[in-house]
Every structure is written in structure tokens, then in C-alpha cells.
file data04.cif (mmCIF, C-alpha atoms)
data_coords
loop_
_atom_site.label_atom_id
_atom_site.label_comp_id
_atom_site.auth_asym_id
_atom_site.auth_seq_id
_atom_site.Cartn_x
_atom_site.Cartn_y
_atom_site.Cartn_z
CA MET B 83 0.00 0.00 0.00
CA THR B 84 2.83 2.36 0.94
CA ARG B 85 4.63 1.56 -2.28
CA THR B 86 1.51 2.37 -4.32
CA ILE B 87 1.14 5.74 -2.61
CA VAL B 88 4.80 6.61 -3.26
CA VAL B 89 4.56 5.64 -6.95
CA THR B 90 1.37 7.67 -7.34
CA ALA B 91 2.96 10.69 -5.69
CA VAL B 92 6.04 10.46 -7.92
CA THR B 93 3.90 10.08 -11.02
CA THR B 94 1.79 13.12 -10.06
CA ALA B 95 4.92 15.18 -9.43
CA LEU B 96 6.39 14.19 -12.80
CA LEU B 97 3.17 15.02 -14.64
CA GLY B 98 2.99 18.36 -12.88
CA SER B 99 6.57 19.17 -13.82
CA ALA B 100 5.89 18.18 -17.43
CA ALA B 101 2.88 20.49 -17.56
CA ILE B 102 4.88 23.41 -16.18
CA PHE B 103 7.68 22.71 -18.66
CA ALA B 104 5.20 22.60 -21.54
CA GLN B 105 3.74 25.93 -20.50
CA ALA B 106 7.21 27.44 -20.32
CA GLN B 107 7.95 26.22 -23.84
CA GLN B 108 4.88 27.90 -25.32
CA PRO B 109 5.83 31.02 -27.32
CA GLN B 110 4.92 34.27 -25.60
CA GLN B 111 2.51 36.50 -27.52
CA PRO B 112 4.20 39.67 -28.78
CA THR B 113 3.41 42.92 -26.99
CA PRO B 114 0.76 44.91 -28.93
CA SER B 115 2.22 47.78 -30.91
CA PHE B 116 -0.56 48.66 -33.37
CA PHE B 117 -4.27 49.42 -33.14
CA VAL B 118 -6.96 51.60 -34.70
CA ALA B 119 -8.04 54.41 -32.38
CA GLU B 120 -11.41 56.05 -31.91
CA ASN B 121 -11.63 59.78 -32.61
CA PRO B 122 -13.16 61.48 -29.53
CA ASN B 123 -14.89 64.24 -31.51
CA GLY B 124 -15.15 62.57 -34.91
CA THR B 125 -13.71 65.57 -36.81
CA GLY B 126 -10.39 66.53 -38.36
CA ASN B 127 -9.44 68.71 -35.40
CA LEU B 128 -7.18 66.42 -33.39
CA GLY B 129 -5.17 69.16 -31.76
CA GLY B 130 -2.37 68.78 -34.29
CA LEU B 131 0.09 65.91 -34.29
CA ALA B 132 0.64 66.25 -30.55
CA GLY B 133 -3.06 65.95 -29.87
CA ALA B 134 -3.36 62.94 -32.16
CA ASP B 135 -0.44 61.23 -30.42
CA GLN B 136 -2.13 61.83 -27.08
CA ILE B 137 -5.29 60.14 -28.36
CA CYS B 138 -3.21 57.05 -29.16
CA GLN B 139 -1.34 57.20 -25.86
CA THR B 140 -4.54 57.53 -23.84
CA GLN B 141 -6.35 54.66 -25.55
CA ALA B 142 -3.26 52.43 -25.32
CA GLN B 143 -3.60 52.46 -21.53
CA ALA B 144 -6.46 49.98 -21.90
CA LEU B 145 -3.89 47.44 -23.12
CA GLY B 146 -2.09 47.50 -19.78
CA GLY B 147 1.36 46.06 -19.08
CA GLU B 148 4.28 46.74 -21.41
CA ALA B 149 2.02 48.02 -24.20
CA ALA B 150 0.62 50.79 -22.03
CA ALA B 151 4.15 51.87 -21.08
CA LYS B 152 5.22 52.27 -24.71
CA THR B 153 5.29 55.60 -26.55
CA TRP B 154 2.51 55.74 -29.14
CA HIS B 155 2.21 57.96 -32.21
CA ALA B 156 -0.60 58.49 -34.68
CA TYR B 157 0.13 57.58 -38.29
CA LEU B 158 -0.37 61.07 -39.70
CA SER B 159 1.60 63.39 -41.97
CA GLN B 160 1.88 67.15 -41.57
CA GLU B 161 2.16 69.52 -44.52
CA GLN B 162 4.61 72.40 -44.75
CA ARG B 163 2.84 75.72 -44.16
CA GLY B 164 4.76 78.88 -43.28
CA ASN B 165 7.02 78.00 -40.37
CA THR B 166 5.31 74.65 -39.88
CA PRO B 167 7.59 71.93 -41.25
CA LYS B 168 6.62 68.93 -43.33
CA VAL B 169 6.42 65.69 -41.35
CA ASN B 170 6.02 62.28 -42.96
CA ALA B 171 3.88 59.68 -41.21
CA ARG B 172 6.37 56.95 -42.06
CA GLY B 173 9.11 58.78 -40.17
CA ARG B 174 7.31 59.11 -36.85
CA ILE B 175 6.18 55.57 -36.01
CA GLY B 176 9.43 53.85 -35.07
CA GLN B 177 11.15 51.01 -36.90
CA GLY B 178 8.87 48.03 -36.22
CA PRO B 179 7.98 45.24 -36.13
CA TRP B 180 4.38 45.96 -35.14
CA TYR B 181 1.78 43.52 -33.87
CA ASN B 182 -1.95 43.97 -33.29
CA VAL B 183 -3.61 43.27 -29.94
CA LYS B 184 -3.98 39.57 -30.83
CA GLY B 185 -0.28 39.17 -31.55
CA GLN B 186 -0.64 39.07 -35.34
CA LEU B 187 2.21 40.65 -37.30
CA ILE B 188 1.21 43.85 -39.13
CA ALA B 189 4.58 44.69 -40.67
CA SER B 190 8.20 43.94 -39.86
CA SER B 191 9.61 47.36 -40.78
CA VAL B 192 8.80 50.77 -42.24
CA ALA B 193 9.78 49.51 -45.70
CA ASP B 194 7.63 46.40 -45.25
CA LEU B 195 4.68 48.52 -44.11
CA HIS B 196 4.84 50.72 -47.20
CA GLY B 197 5.91 48.11 -49.73
CA ASP B 198 9.13 49.91 -50.64
CA GLN B 199 10.55 46.76 -52.20
CA GLN B 200 7.33 44.83 -52.78
CA ARG B 201 3.86 46.35 -52.79
CA ASP B 202 1.12 45.13 -50.43
CA ARG B 203 3.58 43.43 -48.12
CA ASN B 204 1.88 44.50 -44.89
CA ASN B 205 -0.92 42.67 -43.11
CA ILE B 206 -3.38 45.52 -42.65
CA GLN B 207 -6.79 44.11 -43.59
CA ALA B 208 -10.25 43.67 -42.08
CA ALA B 209 -9.29 40.75 -39.84
CA THR B 210 -6.11 42.34 -38.48
CA ALA B 211 -6.69 46.11 -38.32
CA LEU B 212 -8.22 45.86 -34.86
CA ASP B 213 -9.13 48.42 -32.23
CA VAL B 214 -7.69 48.46 -28.73
CA LYS B 215 -10.29 45.91 -27.62
CA GLY B 216 -9.28 43.48 -30.35
CA GLU B 217 -12.45 44.09 -32.36
CA GLN B 218 -12.67 44.57 -36.12
CA ILE B 219 -13.50 47.99 -37.57
CA PRO B 220 -17.01 48.00 -39.10
CA GLY B 221 -17.01 48.35 -42.86
CA ASN B 222 -19.14 51.49 -42.76
CA VAL B 223 -16.39 53.37 -40.88
CA HIS B 224 -13.31 51.95 -42.60
CA ASP B 225 -11.95 55.38 -43.62
CA ILE B 226 -8.84 56.12 -41.54
CA LEU B 227 -7.19 59.55 -41.36
CA THR B 228 -3.61 59.56 -42.69
CA GLY B 229 -2.92 62.77 -44.64
CA SER B 230 -0.32 60.74 -46.53
CA ASP B 231 0.46 59.38 -49.95
CA SER B 232 0.87 55.64 -50.44
CA ASP B 233 4.54 55.87 -49.45
CA GLY B 234 3.61 57.46 -46.12
CA ARG B 235 4.77 60.97 -47.00
CA ALA B 236 3.11 64.37 -46.81
CA PHE B 237 1.73 65.89 -50.01
CA THR B 238 3.47 68.89 -51.56
CA ASP B 239 0.95 69.95 -54.22
CA GLY B 240 -0.36 72.95 -52.28
CA TYR B 241 -3.77 71.44 -51.51
CA ASP B 242 -4.93 70.47 -48.07
CA HIS B 243 -4.74 66.74 -47.28
CA THR B 244 -4.48 67.07 -43.49
CA CYS B 245 -7.50 69.09 -42.29
CA ASN B 246 -5.17 72.08 -41.88
CA ASN B 247 -2.57 69.94 -40.15
CA TRP B 248 -5.21 68.30 -37.95
CA THR B 249 -6.68 71.51 -36.54
CA SER B 250 -9.79 71.95 -38.73
CA ASP B 251 -13.30 70.68 -38.08
CA GLY B 252 -14.82 72.63 -40.97
CA MET B 253 -15.24 72.48 -44.71
CA ALA B 254 -12.81 75.28 -45.63
CA LEU B 255 -9.41 76.55 -44.55
CA PRO B 256 -9.22 79.83 -42.63
CA GLN B 257 -8.48 82.90 -44.76
CA ALA B 258 -6.15 85.75 -43.99
CA ALA B 259 -7.74 88.98 -42.75
CA ASN B 260 -6.73 90.77 -45.98
CA ALA B 261 -7.91 87.98 -48.29
CA ASN B 262 -10.08 88.84 -51.27
CA ALA B 263 -13.64 88.13 -50.15
CA ALA B 264 -14.59 87.31 -53.74
CA VAL B 265 -12.20 84.35 -53.79
CA PRO B 266 -13.59 81.23 -52.09
CA ALA B 267 -11.52 79.71 -49.30
CA ASP B 268 -9.61 76.52 -50.08
CA ARG B 269 -11.31 73.31 -49.02
CA ALA B 270 -10.26 71.59 -45.82
CA ARG B 271 -9.91 67.88 -46.53
CA ALA B 272 -7.96 64.81 -45.49
CA MET B 273 -6.45 61.85 -47.28
CA LEU B 274 -7.98 58.62 -46.01
CA GLY B 275 -7.03 54.96 -46.08
CA HIS B 276 -9.24 51.86 -45.98
CA SER B 277 -8.54 49.68 -42.95
CA ASN B 278 -10.27 46.69 -44.58
CA ARG B 279 -8.72 47.15 -48.04
CA SER B 280 -12.21 47.19 -49.52
CA GLY B 281 -14.53 49.63 -51.26
CA GLY B 282 -14.14 51.48 -54.55
CA GLN B 283 -11.35 51.04 -57.06
CA ASN B 284 -8.55 52.15 -54.72
CA THR B 285 -8.27 49.93 -51.66
CA SER B 286 -5.06 51.38 -50.24
CA TRP B 287 -4.71 51.14 -46.46
CA ASN B 288 -3.28 54.68 -46.26
CA ALA B 289 -4.21 56.61 -49.43
CA ALA B 290 -7.56 55.46 -50.81
CA HIS B 291 -9.36 58.77 -51.36
CA MET B 292 -9.94 62.28 -50.04
CA SER B 293 -12.63 63.26 -47.56
CA GLN B 294 -15.39 65.69 -48.49
CA GLY B 295 -14.33 67.99 -45.67
CA CYS B 296 -13.22 67.83 -42.05
CA THR B 297 -16.55 67.89 -40.24
CA LYS B 298 -18.01 64.85 -38.56
CA GLN B 299 -20.72 64.68 -41.22
CA ALA B 300 -18.18 64.94 -44.04
CA PHE B 301 -16.35 61.89 -42.70
CA THR B 302 -19.60 60.00 -42.23
CA ASN B 303 -20.64 60.72 -45.81
CA THR B 304 -17.75 58.72 -47.28
CA GLY B 305 -17.64 55.91 -44.72
CA GLY B 306 -15.61 57.10 -41.78
CA ALA B 307 -15.56 58.39 -38.22
CA GLY B 308 -12.17 60.08 -38.13
CA LYS B 309 -10.36 57.00 -36.81
CA LEU B 310 -6.56 56.82 -36.57
CA TYR B 311 -3.85 54.22 -36.96
CA CYS B 312 -1.69 54.09 -33.82
CA PHE B 313 1.83 52.64 -33.74
CA ALA B 314 4.20 52.12 -30.82
CA ILE B 315 7.53 53.77 -31.65
CA ASN B 316 9.59 51.70 -29.18
#

call {"tool": "encode", "arguments": {"input": "data04.cif", "output": "C-alpha cells"}}
result
Amino acid sequence: MTRTIVVTAVTTALLGSAAIFAQAQQPQQPTPSFFVAENPNGTGNLGGLAGADQICQTQAQALGGEAAAKTWHAYLSQEQRGNTPKVNARGRIGQGPWYNVKGQLIASSVADLHGDQQRDRNNIQAATALDVKGEQIPGNVHDILTGSDSDGRAFTDGYDHTCNNWTSDGMALPQAANANAAVPADRARAMLGHSNRSGGQNTSWNAAHMSQGCTKQAFTNTGGAGKLYCFAIN
């Protein structure tokens, strides 16, 4: 009887050790470093790049742990205007790799994200472009603010693609006090990407089409809610 108890105890101990060893051998899920953020006011006025980054940083706190402690930036470009310098979205998101909240690889590097060597290399699509809760973005709000061309750079054609560098919630840019009243103000608009790579002829994740304006309704009209791509830079 004593021998049986000893054998049983040893067997249980060995099985327990094997289970612990198996758990230790399981690959650890990568720390999240990419998600799609909600826009608190639904317009193009994000408070500039700094305000947009804060939106990402604030929402990343829901991830907890190492992800919450990372530095997060919005994937947005800024156009050169007066003393305001040009900033390319691709140059402000770190070096990668980036993973969504389920541990799925989005892109291994900046070049991979933008297809510098091979187009459509990244893994941004409906099933992987997830919000901070790990949920897919509904198709009726797949328009994501980027202000960027397909290479992740700011436009230089003189037209607005950034809702006045993410400070406008209107349909037109502000005019100078001495501007000719007979000349209409330039339109305030933003370049948008499709998070699900679907809809229309251009299904680019970062440069699908322009918005109608920078108001909440203007974004709604073309299938958006002013959402942002957020990337951890470290």
C-alpha cells in the first residue's frame, strides 16, 4: 500500500513538472504595438500631431502592461505651411515590427509597411486592423485619417490633405484677414485609407481617397468616423 502511494505521488509530481515545462515552452505573444483608435470628436481637429499622439497614448492604456508603457504615435503626416515643417507619417512611427492586440504581425519594418521593395507586403486588412479591444472595424467606418500618400509621405501639391494639419473641423481653410472676399476659401480635406482594403477602385490602407471635408458629417458621408492608426515607436 505504501509503495503504491509513493509511486502515485512520484507520477503526479512528474506530470505536474511536465505540464509546467510545456507551459514554459509555449511562445509568448508579442506585446501589442498597433491598433486603430477612436476619434473622440469625430472631426479633423485632433489638436495637431501632438493631440493625435495623445489620443493614441490615452487609448493604449487599456492594453495594460508593457504596451501601455510604450510611446505611441498616430500615423499622420503634416504639410509644410509657413514656419510649420513637413512631417512624414512613415518617419514618426518607429522602426517596427508591429503587432496587433492579438499578436498578429502587421509589418516587420517601415519599408515592409509601405511596400518599398514589394507592394502590399503588410498585413493591414479587415481581420487584423483591430481596435484596442481586439475588435474589427465596421465596414461602414473603414476610412482612416492619414494625410499621406501611399509611401507614407506628406503631399506637396499645395492642396490640403491634413485638415489644416489636424486643426480643422470645418469644410474650408481659414483665410487671412486681408484675403479677397470674392475668392472662395480653399477646401479643408484629409487623405484617407481603408482599414479593410475594400470599397471602390482604390483599396489602399493609407491613401484610398480624399474626404469631403473635415466635419463629422463629411467623414460619415464617405464611410468614416475620423479613426486613426496608432503605432508604438519603441

call {"tool": "closest_residue", "arguments": {"input": "data04.cif", "among": "B:Ala236, B:Val192, B:Ala254, B:Leu274", "to": "Trp180 in chain B", "atoms": "all atoms listed in the file"}}
result
B:Val192

call {"tool": "resolve_selection", "arguments": {"input": "data04.cif", "expression": "the PyMOL selection byres ((chain B and resi 243) around 6)", "output": "list in words"}}
result
Gly229, Asp242, Thr244, Arg271, Ala272 and Met273 of chain B

call {"tool": "atom_distance", "arguments": {"input": "data04.cif", "atom1": "CA of Ala307 in chain B", "atom2": "CA of Ala171 in chain B"}}
result
19.7 Å

call {"tool": "axis_aligned_box", "arguments": {"input": "data04.cif", "around": "range 138-146 of chain B", "padding_each_side": "8 Å", "output": "JSON"}}
result
{"center_x": -3.9, "center_y": 52.5, "center_z": -24.5, "size_x": 21.1, "size_y": 26.1, "size_z": 25.4}

call {"tool": "resolve_selection", "arguments": {"input": "data04.cif", "expression": "the PyMOL selection byres ((chain B and resi 238) around 12)", "output": "PDB file with C-alpha atoms, keeping the file's coordinate frame"}}
result
ATOM      1  CA  SER B 159       1.600  63.390 -41.970  1.00  0.00           C
ATOM      2  CA  GLN B 160       1.880  67.150 -41.570  1.00  0.00           C
ATOM      3  CA  GLU B 161       2.160  69.520 -44.520  1.00  0.00           C
ATOM      4  CA  GLN B 162       4.610  72.400 -44.750  1.00  0.00           C
ATOM      5  CA  ARG B 163       2.840  75.720 -44.160  1.00  0.00           C
ATOM      6  CA  PRO B 167       7.590  71.930 -41.250  1.00  0.00           C
ATOM      7  CA  LYS B 168       6.620  68.930 -43.330  1.00  0.00           C
ATOM      8  CA  VAL B 169       6.420  65.690 -41.350  1.00  0.00           C
ATOM      9  CA  ASN B 170       6.020  62.280 -42.960  1.00  0.00           C
ATOM     10  CA  GLY B 229      -2.920  62.770 -44.640  1.00  0.00           C
ATOM     11  CA  SER B 230      -0.320  60.740 -46.530  1.00  0.00           C
ATOM     12  CA  ASP B 231       0.460  59.380 -49.950  1.00  0.00           C
ATOM     13  CA  ARG B 235       4.770  60.970 -47.000  1.00  0.00           C
ATOM     14  CA  ALA B 236       3.110  64.370 -46.810  1.00  0.00           C
ATOM     15  CA  PHE B 237       1.730  65.890 -50.010  1.00  0.00           C
ATOM     16  CA  ASP B 239       0.950  69.950 -54.220  1.00  0.00           C
ATOM     17  CA  GLY B 240      -0.360  72.950 -52.280  1.00  0.00           C
ATOM     18  CA  TYR B 241      -3.770  71.440 -51.510  1.00  0.00           C
ATOM     19  CA  ASP B 242      -4.930  70.470 -48.070  1.00  0.00           C
ATOM     20  CA  HIS B 243      -4.740  66.740 -47.280  1.00  0.00           C
ATOM     21  CA  THR B 244      -4.480  67.070 -43.490  1.00  0.00           C
TER      22      THR B 244
END

call {"tool": "residues_around", "arguments": {"input": "data04.cif", "residues": "Ala150 in chain B", "least_positions_apart": "5", "cutoff": "10 Å", "atoms": "all atoms listed in the file", "output": "ChimeraX atom specification"}}
result
/B:113-115,139-145,314

call {"tool": "write_last_selection", "arguments": {"input": "data04.cif", "atoms": "C-alpha atoms", "output": "PDB file, keeping the file's coordinate frame"}}
result
ATOM      1  CA  THR B 113       3.410  42.920 -26.990  1.00  0.00           C
ATOM      2  CA  PRO B 114       0.760  44.910 -28.930  1.00  0.00           C
ATOM      3  CA  SER B 115       2.220  47.780 -30.910  1.00  0.00           C
ATOM      4  CA  GLN B 139      -1.340  57.200 -25.860  1.00  0.00           C
ATOM      5  CA  THR B 140      -4.540  57.530 -23.840  1.00  0.00           C
ATOM      6  CA  GLN B 141      -6.350  54.660 -25.550  1.00  0.00           C
ATOM      7  CA  ALA B 142      -3.260  52.430 -25.320  1.00  0.00           C
ATOM      8  CA  GLN B 143      -3.600  52.460 -21.530  1.00  0.00           C
ATOM      9  CA  ALA B 144      -6.460  49.980 -21.900  1.00  0.00           C
ATOM     10  CA  LEU B 145      -3.890  47.440 -23.120  1.00  0.00           C
ATOM     11  CA  ALA B 314       4.200  52.120 -30.820  1.00  0.00           C
TER      12      ALA B 314
END

call {"tool": "resolve_selection", "arguments": {"input": "data04.cif", "expression": "the PyMOL selection byres ((chain B and resi 186) around 9)", "output": "ChimeraX atom specification"}}
result
/B:111-112,114,180-185,187-188,205,210

call {"tool": "write_last_selection", "arguments": {"input": "data04.cif", "atoms": "C-alpha atoms", "output": "PDB file, in the coordinates of the input"}}
result
ATOM      1  CA  GLN B 111       2.510  36.500 -27.520  1.00  0.00           C
ATOM      2  CA  PRO B 112       4.200  39.670 -28.780  1.00  0.00           C
ATOM      3  CA  PRO B 114       0.760  44.910 -28.930  1.00  0.00           C
ATOM      4  CA  TRP B 180       4.380  45.960 -35.140  1.00  0.00           C
ATOM      5  CA  TYR B 181       1.780  43.520 -33.870  1.00  0.00           C
ATOM      6  CA  ASN B 182      -1.950  43.970 -33.290  1.00  0.00           C
ATOM      7  CA  VAL B 183      -3.610  43.270 -29.940  1.00  0.00           C
ATOM      8  CA  LYS B 184      -3.980  39.570 -30.830  1.00  0.00           C
ATOM      9  CA  GLY B 185      -0.280  39.170 -31.550  1.00  0.00           C
ATOM     10  CA  LEU B 187       2.210  40.650 -37.300  1.00  0.00           C
ATOM     11  CA  ILE B 188       1.210  43.850 -39.130  1.00  0.00           C
ATOM     12  CA  ASN B 205      -0.920  42.670 -43.110  1.00  0.00           C
ATOM     13  CA  THR B 210      -6.110  42.340 -38.480  1.00  0.00           C
TER      14      THR B 210
END

call {"tool": "atom_distance", "arguments": {"input": "data04.cif", "atom1": "CA of Gly281 in chain B", "atom2": "CA of Phe301 in chain B"}}
result
15.1 Å

call {"tool": "atom_distance", "arguments": {"input": "data04.cif", "atom1": "CA of Gln200 in chain B", "atom2": "CA of Gly306 in chain B"}}
result
28.2 Å

call {"tool": "closest_residue", "arguments": {"input": "data04.cif", "among": "B:Gly129, B:Ile137, B:Phe117, B:Gly176", "to": "Ile315 in chain B", "atoms": "all atoms listed in the file"}}
result
B:Gly176

call {"tool": "residues_around", "arguments": {"input": "data04.cif", "residues": "Asn222 in chain B", "least_positions_apart": "2", "cutoff": "8 Å", "atoms": "all atoms listed in the file", "output": "list in words"}}
result
Pro220, His224, Gly305 and Gly306 of chain B

call {"tool": "closest_residue", "arguments": {"input": "data04.cif", "among": "B:Gly146, B:Gly124, B:Gly173, B:Pro109", "to": "Val214 in chain B", "atoms": "only C-alpha atoms"}}
result
B:Gly146

call {"tool": "closest_residue", "arguments": {"input": "data04.cif", "among": "B:Leu195, B:Ile226, B:Ala211, B:Ala156", "to": "Ile175 in chain B", "atoms": "all atoms listed in the file"}}
result
B:Ala156

call {"tool": "residues_around", "arguments": {"input": "data04.cif", "residues": "Gly126 in chain B", "least_positions_apart": "6", "cutoff": "7 Å", "atoms": "all atoms listed in the file", "output": "ChimeraX atom specification"}}
result
/B:245,248-251,296-297,308

call {"tool": "residues_around", "arguments": {"input": "data04.cif", "residues": "Ser277 in chain B", "least_positions_apart": "4", "cutoff": "9 Å", "atoms": "only C-alpha atoms", "output": "compact mmCIF listing (two decimals) with C-alpha atoms, in the frame of the given file"}}
result
# COMPACT_ATOMS: atom_id res chain seq x y z
CA VAL B 118 -6.96 51.60 -34.70
CA ILE B 206 -3.38 45.52 -42.65
CA GLN B 207 -6.79 44.11 -43.59
CA ALA B 208 -10.25 43.67 -42.08
CA THR B 210 -6.11 42.34 -38.48
CA ALA B 211 -6.69 46.11 -38.32
CA LEU B 212 -8.22 45.86 -34.86
CA ILE B 219 -13.50 47.99 -37.57
CA GLY B 221 -17.01 48.35 -42.86
CA VAL B 223 -16.39 53.37 -40.88
CA HIS B 224 -13.31 51.95 -42.60
CA ASP B 225 -11.95 55.38 -43.62
CA ILE B 226 -8.84 56.12 -41.54
CA THR B 285 -8.27 49.93 -51.66
CA SER B 286 -5.06 51.38 -50.24
CA TRP B 287 -4.71 51.14 -46.46
CA ASN B 288 -3.28 54.68 -46.26
CA TYR B 311 -3.85 54.22 -36.96

call {"tool": "residues_around", "arguments": {"input": "data04.cif", "residues": "Thr304 in chain B", "least_positions_apart": "4", "cutoff": "8 Å", "atoms": "only C-alpha atoms", "output": "PDB file with C-alpha atoms, in the frame of the given file"}}
result
ATOM      1  CA  ASP B 225     -11.950  55.380 -43.620  1.00  0.00           C
ATOM      2  CA  SER B 293     -12.630  63.260 -47.560  1.00  0.00           C
ATOM      3  CA  GLN B 294     -15.390  65.690 -48.490  1.00  0.00           C
ATOM      4  CA  ALA B 300     -18.180  64.940 -44.040  1.00  0.00           C
TER       5      ALA B 300
END

call {"tool": "closest_residue", "arguments": {"input": "data04.cif", "among": "B:Arg269, B:Lys309, B:His196, B:His291", "to": "Thr125 in chain B", "atoms": "only C-alpha atoms"}}
result
B:Lys309

call {"tool": "residues_near_point", "arguments": {"input": "data04.cif", "point": "(-2.3, 59.6, -38.0)", "cutoff": "6 Å", "atoms": "only C-alpha atoms", "output": "MDAnalysis selection string"}}
result
chainID B and resid 156:158 227:228 310:311

call {"tool": "decode", "arguments": {"input": "data04.cif", "residues": "range 203-231 of chain B", "atoms": "N, CA and C atoms", "output": "CSV table (one decimal), in the first residue's frame"}}
result
chain,number,residue,atom,x,y,z
B,203,ARG,N,2.9,44.4,-49.0
B,203,ARG,CA,3.6,43.4,-48.1
B,203,ARG,C,3.0,43.4,-46.7
B,204,ASN,N,2.3,44.5,-46.3
B,204,ASN,CA,1.9,44.5,-44.9
B,204,ASN,C,0.6,43.7,-44.7
B,205,ASN,N,0.2,43.5,-43.5
B,205,ASN,CA,-0.9,42.7,-43.1
B,205,ASN,C,-2.1,43.5,-42.6
B,206,ILE,N,-2.2,44.7,-43.0
B,206,ILE,CA,-3.4,45.5,-42.6
B,206,ILE,C,-4.6,45.1,-43.5
B,207,GLN,N,-5.6,44.5,-42.9
B,207,GLN,CA,-6.8,44.1,-43.6
B,207,GLN,C,-7.9,44.0,-42.5
B,208,ALA,N,-9.1,43.7,-43.0
B,208,ALA,CA,-10.2,43.7,-42.1
B,208,ALA,C,-10.0,42.8,-40.8
B,209,ALA,N,-9.4,41.7,-41.0
B,209,ALA,CA,-9.3,40.8,-39.8
B,209,ALA,C,-8.2,41.1,-38.9
B,210,THR,N,-7.3,42.0,-39.3
B,210,THR,CA,-6.1,42.3,-38.5
B,210,THR,C,-6.0,43.8,-38.0
B,211,ALA,N,-6.7,44.7,-38.7
B,211,ALA,CA,-6.7,46.1,-38.3
B,211,ALA,C,-7.7,46.3,-37.2
B,212,LEU,N,-7.3,46.0,-36.0
B,212,LEU,CA,-8.2,45.9,-34.9
B,212,LEU,C,-8.1,47.1,-34.0
B,213,ASP,N,-9.2,47.3,-33.2
B,213,ASP,CA,-9.1,48.4,-32.2
B,213,ASP,C,-8.5,47.9,-31.0
B,214,VAL,N,-8.4,48.8,-29.9
B,214,VAL,CA,-7.7,48.5,-28.7
B,214,VAL,C,-8.3,47.3,-28.0
B,215,LYS,N,-9.6,47.0,-28.3
B,215,LYS,CA,-10.3,45.9,-27.6
B,215,LYS,C,-10.1,44.6,-28.4
B,216,GLY,N,-9.5,44.7,-29.5
B,216,GLY,CA,-9.3,43.5,-30.4
B,216,GLY,C,-10.5,43.2,-31.3
B,217,GLU,N,-11.3,44.2,-31.5
B,217,GLU,CA,-12.4,44.1,-32.4
B,217,GLU,C,-12.2,44.7,-33.7
B,218,GLN,N,-12.8,44.1,-34.8
B,218,GLN,CA,-12.7,44.6,-36.1
B,218,GLN,C,-13.4,45.9,-36.3
B,219,ILE,N,-12.9,46.7,-37.3
B,219,ILE,CA,-13.5,48.0,-37.6
B,219,ILE,C,-14.7,47.7,-38.5
B,220,PRO,N,-15.9,48.2,-38.2
B,220,PRO,CA,-17.0,48.0,-39.1
B,220,PRO,C,-16.7,48.6,-40.5
B,221,GLY,N,-17.3,47.9,-41.5
B,221,GLY,CA,-17.0,48.4,-42.9
B,221,GLY,C,-17.6,49.7,-43.2
B,222,ASN,N,-18.6,50.2,-42.5
B,222,ASN,CA,-19.1,51.5,-42.8
B,222,ASN,C,-18.4,52.6,-42.2
B,223,VAL,N,-17.3,52.3,-41.4
B,223,VAL,CA,-16.4,53.4,-40.9
B,223,VAL,C,-14.9,53.0,-41.1
B,224,HIS,N,-14.7,52.4,-42.3
B,224,HIS,CA,-13.3,51.9,-42.6
B,224,HIS,C,-12.3,53.0,-43.0
B,225,ASP,N,-12.8,54.3,-43.2
B,225,ASP,CA,-12.0,55.4,-43.6
B,225,ASP,C,-11.1,55.8,-42.4
B,226,ILE,N,-9.8,55.8,-42.6
B,226,ILE,CA,-8.8,56.1,-41.5
B,226,ILE,C,-8.0,57.4,-42.0
B,227,LEU,N,-8.0,58.3,-41.1
B,227,LEU,CA,-7.2,59.5,-41.4
B,227,LEU,C,-5.7,59.2,-41.5
B,228,THR,N,-5.1,59.7,-42.5
B,228,THR,CA,-3.6,59.6,-42.7
B,228,THR,C,-2.9,60.8,-43.2
B,229,GLY,N,-3.6,61.6,-44.1
B,229,GLY,CA,-2.9,62.8,-44.6
B,229,GLY,C,-1.7,62.4,-45.4
B,230,SER,N,-1.6,61.2,-45.9
B,230,SER,CA,-0.3,60.7,-46.5
B,230,SER,C,-0.6,60.1,-47.9
B,231,ASP,N,0.5,60.1,-48.7
B,231,ASP,CA,0.5,59.4,-50.0
B,231,ASP,C,0.7,57.9,-49.7
